[in-house]
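> Structure: my_file_26.cif, mmCIF, C-alpha atoms.
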data_run
loop_
_atom_site.label_atom_id
_atom_site.label_comp_id
_atom_site.auth_asym_id
_atom_site.auth_seq_id
_atom_site.Cartn_x
_atom_site.Cartn_y
_atom_site.Cartn_z
CA MET A 1 0.00 0.00 0.00
CA LEU A 2 1.48 3.32 -1.09
CA ILE A 3 0.24 6.77 -0.07
CA ARG A 4 1.87 9.85 -1.58
CA THR A 5 1.20 13.45 -0.54
CA VAL A 6 0.63 15.53 -3.67
CA ILE A 7 -0.78 18.70 -2.06
CA GLU A 8 -0.20 19.85 1.50
CA ASP A 9 0.45 23.13 3.28
CA THR A 10 4.19 22.41 3.59
CA SER A 11 6.94 20.74 1.59
CA ARG A 12 10.39 19.44 2.47
CA ARG A 13 11.10 18.52 -1.16
CA GLY A 14 10.78 21.83 -3.00
CA LEU A 15 7.28 21.30 -4.36
CA PRO A 16 4.87 24.26 -4.55
CA THR A 17 2.39 24.28 -1.67
CA GLU A 18 -1.08 25.53 -0.89
CA HIS A 19 -3.55 25.24 1.96
CA GLY A 20 -5.18 21.99 1.01
CA LEU A 21 -4.83 18.25 0.65
CA CYS A 22 -4.41 15.77 -2.17
CA LEU A 23 -3.22 12.19 -1.72
CA TRP A 24 -2.33 9.65 -4.40
CA ILE A 25 -3.11 6.14 -3.18
CA GLU A 26 -2.21 2.74 -4.55
CA ALA A 27 -4.02 0.10 -2.51
CA CYS A 28 -6.21 -2.96 -2.90
CA GLY A 29 -5.24 -3.19 -6.56
CA ARG A 30 -6.49 0.32 -7.36
CA LYS A 31 -4.90 3.72 -8.07
CA PHE A 32 -6.79 6.88 -7.17
CA PHE A 33 -6.77 10.38 -5.72
CA PHE A 34 -8.15 11.22 -2.31
CA ASP A 35 -9.00 14.95 -2.49
CA LEU A 36 -7.65 17.38 -5.09
CA GLY A 37 -6.50 20.54 -3.31
CA GLN A 38 -7.65 24.02 -4.32
CA GLY A 39 -7.18 23.94 -8.08
CA ALA A 40 -4.75 22.87 -10.80
CA LEU A 41 -1.65 22.58 -8.61
CA PHE A 42 -2.30 18.91 -7.84
CA ALA A 43 -1.73 18.05 -11.51
CA ASP A 44 1.58 19.95 -11.63
CA ASN A 45 2.84 18.39 -8.41
CA ALA A 46 1.71 14.94 -9.51
CA ALA A 47 3.74 15.31 -12.71
CA SER A 48 6.79 16.40 -10.68
CA MET A 49 6.37 13.28 -8.55
CA GLY A 50 6.10 10.97 -11.56
CA ILE A 51 2.36 10.42 -11.09
CA ASN A 52 0.14 10.47 -14.17
CA PRO A 53 -3.31 11.80 -13.19
CA GLN A 54 -4.78 9.97 -16.18
CA GLU A 55 -3.98 6.69 -14.44
CA ALA A 56 -6.46 7.53 -11.67
CA GLU A 57 -9.29 5.02 -11.67
CA PHE A 58 -11.49 7.24 -9.53
CA VAL A 59 -11.42 10.14 -7.05
CA VAL A 60 -12.74 10.42 -3.50
CA ILE A 61 -13.59 13.91 -2.21
CA SER A 62 -13.70 13.99 1.58
CA HIS A 63 -16.02 16.98 2.05
CA GLY A 64 -17.44 20.10 0.50
CA HIS A 65 -14.62 22.59 1.12
CA TYR A 66 -12.57 24.32 -1.58
CA ASP A 67 -9.19 23.16 -0.27
CA HIS A 68 -10.16 19.52 -0.83
CA GLY A 69 -12.32 19.64 -3.94
CA GLY A 70 -11.31 22.83 -5.74
CA GLY A 71 -9.34 20.76 -8.25
CA LEU A 72 -12.43 18.97 -9.54
CA SER A 73 -12.67 21.00 -12.76
CA THR A 74 -9.02 20.31 -13.55
CA PHE A 75 -9.43 16.58 -12.94
CA LEU A 76 -12.53 16.41 -15.10
CA ALA A 77 -10.67 18.08 -17.96
CA LEU A 78 -7.57 15.90 -17.60
CA ASN A 79 -9.55 12.68 -17.46
CA ASP A 80 -12.34 13.55 -19.85
CA ALA A 81 -12.03 10.17 -21.51
CA LYS A 82 -9.52 7.37 -21.14
CA GLN A 83 -8.98 3.94 -22.56
CA TYR A 84 -9.26 0.93 -20.29
CA GLN A 85 -8.06 -2.48 -21.31
CA THR A 86 -10.53 -5.23 -20.52
CA SER A 87 -8.79 -8.38 -21.76
CA GLY A 88 -5.10 -8.94 -22.42
CA GLY A 89 -2.46 -6.98 -24.34
CA THR A 90 -2.63 -3.22 -24.79
CA ALA A 91 -5.75 -1.18 -25.34
CA MET A 92 -4.51 -0.03 -28.75
CA ASN A 93 -3.34 -3.30 -30.23
CA HIS A 94 -4.80 -6.27 -28.40
CA GLY A 95 -7.78 -7.34 -26.41
CA THR A 96 -10.98 -5.38 -26.00
CA SER A 97 -11.02 -1.77 -24.81
CA HIS A 98 -13.68 0.76 -24.08
CA THR A 99 -13.80 4.43 -23.23
CA SER A 100 -14.60 5.22 -19.65
CA GLN A 101 -14.54 8.26 -17.43
CA PRO A 102 -13.20 7.86 -13.89
CA PRO A 103 -16.00 8.51 -11.37
CA ILE A 104 -15.82 10.92 -8.46
CA TYR A 105 -17.21 9.72 -5.15
CA ILE A 106 -18.54 12.72 -3.27
CA HIS A 107 -21.20 13.09 -0.60
CA LYS A 108 -24.61 14.19 -1.85
CA LYS A 109 -24.49 17.25 0.44
CA ALA A 110 -20.95 18.32 -0.45
CA PHE A 111 -22.17 20.98 -2.90
CA GLY A 112 -23.89 23.02 -0.20
CA ALA A 113 -23.14 26.65 0.67
CA TYR A 114 -20.25 26.43 3.15
CA TYR A 115 -18.49 29.41 4.73
CA SER A 116 -15.89 30.37 7.28
CA GLU A 117 -16.23 33.31 9.66
CA ARG A 118 -13.46 35.51 10.97
CA ASN A 119 -13.95 38.86 12.71
CA GLY A 120 -17.53 39.05 11.52
CA ARG A 121 -16.64 38.47 7.86
CA PHE A 122 -18.01 35.44 6.01
CA THR A 123 -15.98 33.82 3.24
CA TYR A 124 -17.36 31.21 0.84
CA ARG A 125 -15.47 27.93 1.18
CA GLY A 126 -17.60 25.65 -0.96
CA LEU A 127 -16.96 23.71 -4.15
CA PRO A 128 -17.52 24.57 -7.81
CA HIS A 129 -21.12 23.77 -8.76
CA LEU A 130 -20.55 20.47 -10.53
CA GLN A 131 -23.23 18.38 -8.85
CA ASP A 132 -25.01 17.71 -12.15
CA ASN A 133 -21.92 16.33 -13.86
CA GLU A 134 -22.59 12.74 -14.88
CA ARG A 135 -19.32 11.57 -13.36
CA MET A 136 -20.34 12.51 -9.83
CA ARG A 137 -21.30 9.50 -7.72
CA LEU A 138 -23.30 11.14 -4.96
CA THR A 139 -22.82 9.08 -1.82
CA ASP A 140 -24.44 8.75 1.57
CA GLY A 141 -23.80 6.39 4.47
CA THR A 142 -21.49 3.45 3.76
CA VAL A 143 -20.39 2.63 0.21
CA CYS A 144 -18.15 -0.23 -0.93
CA ILE A 145 -16.09 1.09 -3.85
CA SER A 146 -14.36 -2.24 -4.45
CA ASP A 147 -12.80 -5.05 -2.42
CA GLY A 148 -11.01 -3.54 0.57
CA LEU A 149 -12.14 0.06 -0.10
CA THR A 150 -15.04 1.31 2.01
CA LEU A 151 -16.26 4.90 2.08
CA PHE A 152 -18.39 6.10 4.97
CA SER A 153 -20.04 9.17 6.46
CA GLY A 154 -22.40 9.75 9.36
CA CYS A 155 -20.15 10.05 12.43
CA SER A 156 -22.28 11.21 15.35
CA GLY A 157 -19.86 11.23 18.30
CA LYS A 158 -18.54 14.41 19.89
CA GLU A 159 -15.36 13.16 21.57
CA PHE A 160 -12.62 15.77 21.13
CA PHE A 161 -14.74 17.76 18.69
CA SER A 162 -12.41 20.57 17.65
CA PRO A 163 -13.08 24.14 18.85
CA ALA A 164 -11.83 25.27 15.42
CA ASN A 165 -15.13 24.02 13.97
CA ARG A 166 -16.94 26.98 15.50
CA ARG A 167 -15.72 29.19 12.65
CA ILE A 168 -17.15 26.94 9.95
CA LEU A 169 -20.72 27.58 8.88
CA LYS A 170 -23.28 26.69 6.27
CA GLU A 171 -26.04 28.81 4.77
CA VAL A 172 -29.55 27.48 5.23
CA SER A 173 -32.55 29.52 4.01
CA GLY A 174 -30.46 32.68 4.00
CA GLN A 175 -29.16 32.16 7.54
CA PHE A 176 -25.69 31.14 8.70
CA VAL A 177 -25.73 28.17 11.07
CA CYS A 178 -23.01 25.89 12.43
CA ASP A 179 -21.88 23.28 9.96
CA ASP A 180 -22.80 19.78 11.14
CA PHE A 181 -20.35 18.22 8.65
CA CYS A 182 -22.89 15.74 7.36
CA HIS A 183 -21.08 16.12 4.01
CA GLU A 184 -17.82 14.69 5.37
CA GLN A 185 -16.74 11.16 4.48
CA SER A 186 -13.67 9.05 5.15
CA LEU A 187 -12.15 5.98 3.54
CA ILE A 188 -11.09 2.62 4.94
CA LEU A 189 -8.36 0.62 3.19
CA GLN A 190 -8.20 -3.05 4.19
CA GLU A 191 -5.18 -4.89 2.87
CA GLY A 192 -3.67 -7.88 4.67
CA GLU A 193 -3.53 -7.13 8.39
CA ASN A 194 -3.74 -3.39 7.81
CA ASN A 195 -6.95 -1.47 8.51
CA VAL A 196 -6.08 2.04 7.34
CA LEU A 197 -8.27 5.11 7.82
CA ILE A 198 -7.91 8.03 5.39
CA ALA A 199 -9.50 11.30 6.54
CA GLY A 200 -9.59 14.74 4.97
CA CYS A 201 -9.93 17.25 7.81
CA ALA A 202 -11.66 15.03 10.40
CA HIS A 203 -14.08 17.84 11.21
CA GLY A 204 -16.24 15.25 12.96
CA GLY A 205 -13.39 14.47 15.36
CA ILE A 206 -10.70 11.96 14.47
CA LEU A 207 -11.53 9.74 17.47
CA ASN A 208 -15.19 9.61 16.45
CA ILE A 209 -14.21 8.75 12.89
CA ILE A 210 -11.86 6.00 14.09
CA SER A 211 -14.65 4.56 16.25
CA ARG A 212 -17.04 4.52 13.30
CA ALA A 213 -14.44 2.86 11.06
CA GLU A 214 -13.95 0.15 13.68
CA GLU A 215 -17.69 -0.39 13.94
CA ILE A 216 -17.86 -0.93 10.19
CA THR A 217 -14.85 -3.22 9.87
CA ARG A 218 -15.04 -4.84 13.32
CA LYS A 219 -11.27 -4.50 13.46
CA PRO A 220 -8.96 -2.01 15.17
CA VAL A 221 -7.69 0.79 12.95
CA THR A 222 -3.95 0.22 12.47
CA HIS A 223 -3.06 3.49 10.69
CA VAL A 224 -4.62 6.95 10.39
CA VAL A 225 -3.72 9.32 7.53
CA GLY A 226 -5.03 12.88 7.26
CA GLY A 227 -5.70 16.18 8.96
CA MET A 228 -7.19 16.54 12.43
CA HIS A 229 -8.43 20.15 12.27
CA VAL A 230 -6.74 21.49 15.38
CA VAL A 231 -4.72 24.25 13.70
CA GLY A 232 -5.09 27.45 15.69
CA VAL A 233 -6.54 25.68 18.73
CA ASN A 234 -4.89 27.29 21.75
CA ASP A 235 -6.35 24.93 24.34
CA ARG A 236 -3.34 22.88 25.42
CA ASP A 237 -5.47 20.54 27.50
CA PHE A 238 -7.53 19.73 24.39
CA ILE A 239 -4.45 19.01 22.24
CA ASP A 240 -2.76 16.96 24.97
CA GLY A 241 -5.94 15.01 25.68
CA LEU A 242 -6.36 14.19 22.00
CA ALA A 243 -2.75 13.04 21.77
CA HIS A 244 -3.07 10.79 24.82
CA ALA A 245 -6.31 9.29 23.48
CA LEU A 246 -4.72 8.55 20.09
CA LYS A 247 -1.64 7.06 21.72
CA ALA A 248 -3.85 4.77 23.81
CA ARG A 249 -5.38 3.36 20.60
CA ASN A 250 -1.95 2.15 19.52
CA CYS A 251 -2.42 3.13 15.87
CA MET A 252 0.18 4.87 13.72
CA CYS A 253 -0.84 8.40 12.70
CA TYR A 254 0.40 10.22 9.61
CA THR A 255 -1.00 13.70 9.92
CA CYS A 256 -0.88 16.88 7.85
CA HIS A 257 -2.75 19.96 6.59
CA CYS A 258 -5.24 21.27 9.18
CA THR A 259 -3.48 19.67 12.14
CA GLY A 260 -1.00 22.53 12.00
CA SER A 261 2.69 22.46 12.88
CA GLU A 262 2.33 23.77 16.43
CA ALA A 263 -0.31 21.24 17.43
CA TYR A 264 1.68 18.51 15.72
CA GLU A 265 4.82 19.28 17.72
CA GLU A 266 2.82 19.21 20.93
CA MET A 267 1.23 15.90 20.00
CA LYS A 268 4.62 14.53 18.95
CA ASP A 269 5.98 15.17 22.45
CA ILE A 270 3.27 12.86 23.80
CA MET A 271 2.90 10.31 21.03
CA GLY A 272 6.54 9.92 20.05
CA ASP A 273 7.01 7.57 17.11
CA ARG A 274 3.24 6.91 16.92
CA ILE A 275 2.77 10.12 14.92
CA SER A 276 4.56 11.59 11.91
CA TYR A 277 3.96 14.60 9.66
CA ILE A 278 3.64 14.13 5.90
CA SER A 279 4.38 17.08 3.60
CA ALA A 280 3.96 17.54 -0.14
CA GLY A 281 6.25 15.10 -1.95
CA ASP A 282 6.41 12.61 0.93
CA SER A 283 5.49 8.94 0.54
CA VAL A 284 4.29 6.40 3.07
CA ARG A 285 4.43 2.68 2.39
CA ILE A 286 2.26 0.55 4.69
#
Rewrite the structure of this file - the entire thing - as structure tokens.

Amino acid sequence: MLIRTVIEDTSRRGLPTEHGLCLWIEACGRKFFFDLGQGALFADNAASMGINPQEAEFVVISHGHYDHGGGLSTFLALNDAKQYQTSGGTAMNHGTSHTSQPPIYIHKKAFGAYYSERNGRFTYRGLPHLQDNERMRLTDGTVCISDGLTLFSGCSGKEFFSPANRRILKEVSGQFVCDDFCHEQSLILQEGENNVLIAGCAHGGILNIISRAEEITRKPVTHVVGGMHVVGVNDRDFIDGLAHALKARNCMCYTCHCTGSEAYEEMKDIMGDRISYISAGDSVRI
């Protein structure tokens, strides 16, 4: 299982960065993107990393925020049509081929009107309005993409629910209300003894998402990859408590993006080698 960070807020390898997330994943016999960053940069970084976006068999978008799904238009253009081989040889010269368009698995509520608030100012943080595109596979609940790949939403717990969520809103009937993150989904990768959880921002609380993943698979989560949305959280007791709770679960955490460097360093002091930070250009083999 290979997970490569294409877009992240930082880079140790000289790649351009932006506030966002895009992972390239090779697992369970499939190749795909998990999230696409803000725009076209994911395609440039992928090329620099030797990744061909046209080899993506599908895309998963974790939730309806611009820094995770803003690259949808670019992906749709890059993968407008591709040839898949269906029986032996190459698509051009042997066997039978057909034209297919890689689907995008995105929650049915991800195209809502989502905003952030700072100092009384509201900024739109939603996705481009592509919900009617035929390649969108609008999801809800638990969806099996293929053997070993399970997508799920609907986490209801509130354990270590980040205070940073208070600044994230949605517009309903002309009014701004707190986002309930019903549009957020995460992915489970089951390969051999590994039960790997991939999260985007974990707005619903990473511990709650882990618990839901374990309910679905009936196995302990062995690895967690993704953001934890504690950037800017100044409550040390909250950060320390989260770190201790994750350490107690005995899973390996590869975090990034909205965890933030300060919170990461604090968690690292507690979790030691059970947590690591992945920047743009980094690869993790599990």
> Would you mind reading off the distance between CA of Gly192 (chain A) and CA of Cys155 (chain A), one decimal, in Å?
25.6 Å
> List the residues matched by the PyMOL selection byres ((chain A and resi 106-119) around 8) in the displayed structure as a VMD selection string, ordered by chain and then by residue number.
chain A and resid 60 to 65 104 to 105 120 to 131 136 to 140 167 to 172 179 182 to 185
> For each of A:Ser162, A:Asn250, A:Thr150, A:Asn194, take the minimum atom-to-atom distance to Ile216 (chain A), counting all atoms listed in the file, then give the residue where this is smallest.
A:Thr150
> Do you know which residues are at most 12 Å from Ser261 (chain A) counting all atoms listed in the file, after dropping those on the same chain fewer than 5 positions away, and could you put them as a PyMOL selection string?
chain A and resi 9-10+227-233+255-256+266-268+276-279
> Please write as a PyMOL selection string the list of polymer residues whose atoms come within 12 Å of (-9.3, 19.0, -12.6), counting only C-alpha atoms and keeping to the coordinates of the file.
chain A and resi 22+33+35-44+53-54+56+59+68-80+102+104+128+130
> How would the residues just picked look written out with C-alpha atoms as a compact mmCIF listing (two decimals), in the coordinates of the input?

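To be explicit, this is the file written out as again-v1.txt:
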# COMPACT_ATOMS: atom_id res chain seq x y z
CA CYS A 22 -4.41 15.77 -2.17
CA PHE A 33 -6.77 10.38 -5.72
CA ASP A 35 -9.00 14.95 -2.49
CA LEU A 36 -7.65 17.38 -5.09
CA GLY A 37 -6.50 20.54 -3.31
CA GLN A 38 -7.65 24.02 -4.32
CA GLY A 39 -7.18 23.94 -8.08
CA ALA A 40 -4.75 22.87 -10.80
CA LEU A 41 -1.65 22.58 -8.61
CA PHE A 42 -2.30 18.91 -7.84
CA ALA A 43 -1.73 18.05 -11.51
CA ASP A 44 1.58 19.95 -11.63
CA PRO A 53 -3.31 11.80 -13.19
CA GLN A 54 -4.78 9.97 -16.18
CA ALA A 56 -6.46 7.53 -11.67
CA VAL A 59 -11.42 10.14 -7.05
CA HIS A 68 -10.16 19.52 -0.83
CA GLY A 69 -12.32 19.64 -3.94
CA GLY A 70 -11.31 22.83 -5.74
CA GLY A 71 -9.34 20.76 -8.25
CA LEU A 72 -12.43 18.97 -9.54
CA SER A 73 -12.67 21.00 -12.76
CA THR A 74 -9.02 20.31 -13.55
CA PHE A 75 -9.43 16.58 -12.94
CA LEU A 76 -12.53 16.41 -15.10
CA ALA A 77 -10.67 18.08 -17.96
CA LEU A 78 -7.57 15.90 -17.60
CA ASN A 79 -9.55 12.68 -17.46
CA ASP A 80 -12.34 13.55 -19.85
CA PRO A 102 -13.20 7.86 -13.89
CA ILE A 104 -15.82 10.92 -8.46
CA PRO A 128 -17.52 24.57 -7.81
CA LEU A 130 -20.55 20.47 -10.53
> Excluding same-chain residues fewer than 2 positions from Asp282 (chain A), what lies within 8 Å of it counting only C-alpha atoms, as number ranges by chain?
A: 4-6, 13, 278-280, 284
> Excluding same-chain residues fewer than 6 positions from Ile188 (chain A), what lies within 10 Å of it counting only C-alpha atoms, as an mmCIF file with C-alpha atoms, keeping the file's coordinate frame?

data_model
loop_
_atom_site.group_PDB
_atom_site.id
_atom_site.type_symbol
_atom_site.label_atom_id
_atom_site.label_comp_id
_atom_site.auth_asym_id
_atom_site.auth_seq_id
_atom_site.Cartn_x
_atom_site.Cartn_y
_atom_site.Cartn_z
ATOM 1 C CA CYS A 144 -18.150 -0.230 -0.930
ATOM 2 C CA GLY A 148 -11.010 -3.540 0.570
ATOM 3 C CA LEU A 149 -12.140 0.060 -0.100
ATOM 4 C CA THR A 150 -15.040 1.310 2.010
ATOM 5 C CA LEU A 151 -16.260 4.900 2.080
ATOM 6 C CA PHE A 152 -18.390 6.100 4.970
ATOM 7 C CA ASN A 194 -3.740 -3.390 7.810
ATOM 8 C CA ASN A 195 -6.950 -1.470 8.510
ATOM 9 C CA VAL A 196 -6.080 2.040 7.340
ATOM 10 C CA LEU A 197 -8.270 5.110 7.820
ATOM 11 C CA ILE A 198 -7.910 8.030 5.390
ATOM 12 C CA ALA A 199 -9.500 11.300 6.540
ATOM 13 C CA ILE A 210 -11.860 6.000 14.090
ATOM 14 C CA ALA A 213 -14.440 2.860 11.060
ATOM 15 C CA GLU A 214 -13.950 0.150 13.680
ATOM 16 C CA ILE A 216 -17.860 -0.930 10.190
ATOM 17 C CA THR A 217 -14.850 -3.220 9.870
ATOM 18 C CA VAL A 221 -7.690 0.790 12.950
ATOM 19 C CA HIS A 223 -3.060 3.490 10.690
ATOM 20 C CA VAL A 224 -4.620 6.950 10.390
#
> For Leu207 (chain A), which residue out of A:Leu23, A:Met1, A:Leu15, A:Cys253 is the nearest one, using all atoms listed in the file?
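Among the listed residues, the smallest separation from Leu207 (chain A) belongs to A:Cys253.
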> Using all atoms listed in the file, which of A:Leu2, A:Ile145, A:Ile270, A:Ile206 sits nearest Glu57 (chain A)?
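Result for the nearest residue to Glu57 (chain A): A:Ile145.
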> Could you list, as an MDAnalysis selection string, every residue matched by the PyMOL selection byres ((chain A and resi 243) around 10) in this structure?
chainID A and resid 237:242 244:248 263:264 266:272 274:275
> For CA of Gly154 (chain A) and CA of Ser211 (chain A), quote the distance in Å rounded to one decimal.
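Going from CA of Gly154 (chain A) over to CA of Ser211 (chain A), I get 11.6 Å.
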> Could you tell me how far CA of Arg135 (chain A) sits from CA of Gln101 (chain A), in Å to one decimal place?
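Interatomic distance, CA of Gln101 (chain A) to CA of Arg135 (chain A): 7.1 Å.
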> On this structure, the PyMOL selection byres ((chain A and resi 27) around 10) would catch which residues? List them as number ranges by chain, sorted by chain and number.
A: 1-3, 24-26, 28-32, 148-149, 189-191, 286
> Around region 209-217 of chain A, with edges along x, y and z and 3 Å added on all six sides, what centre and edge lengths do you get, in Å to one decimal, as AutoDock Vina command-line options?

--center_x -14.9 --center_y 2.8 --center_z 13.1 --size_x 12.0 --size_y 18.0 --size_z 12.4
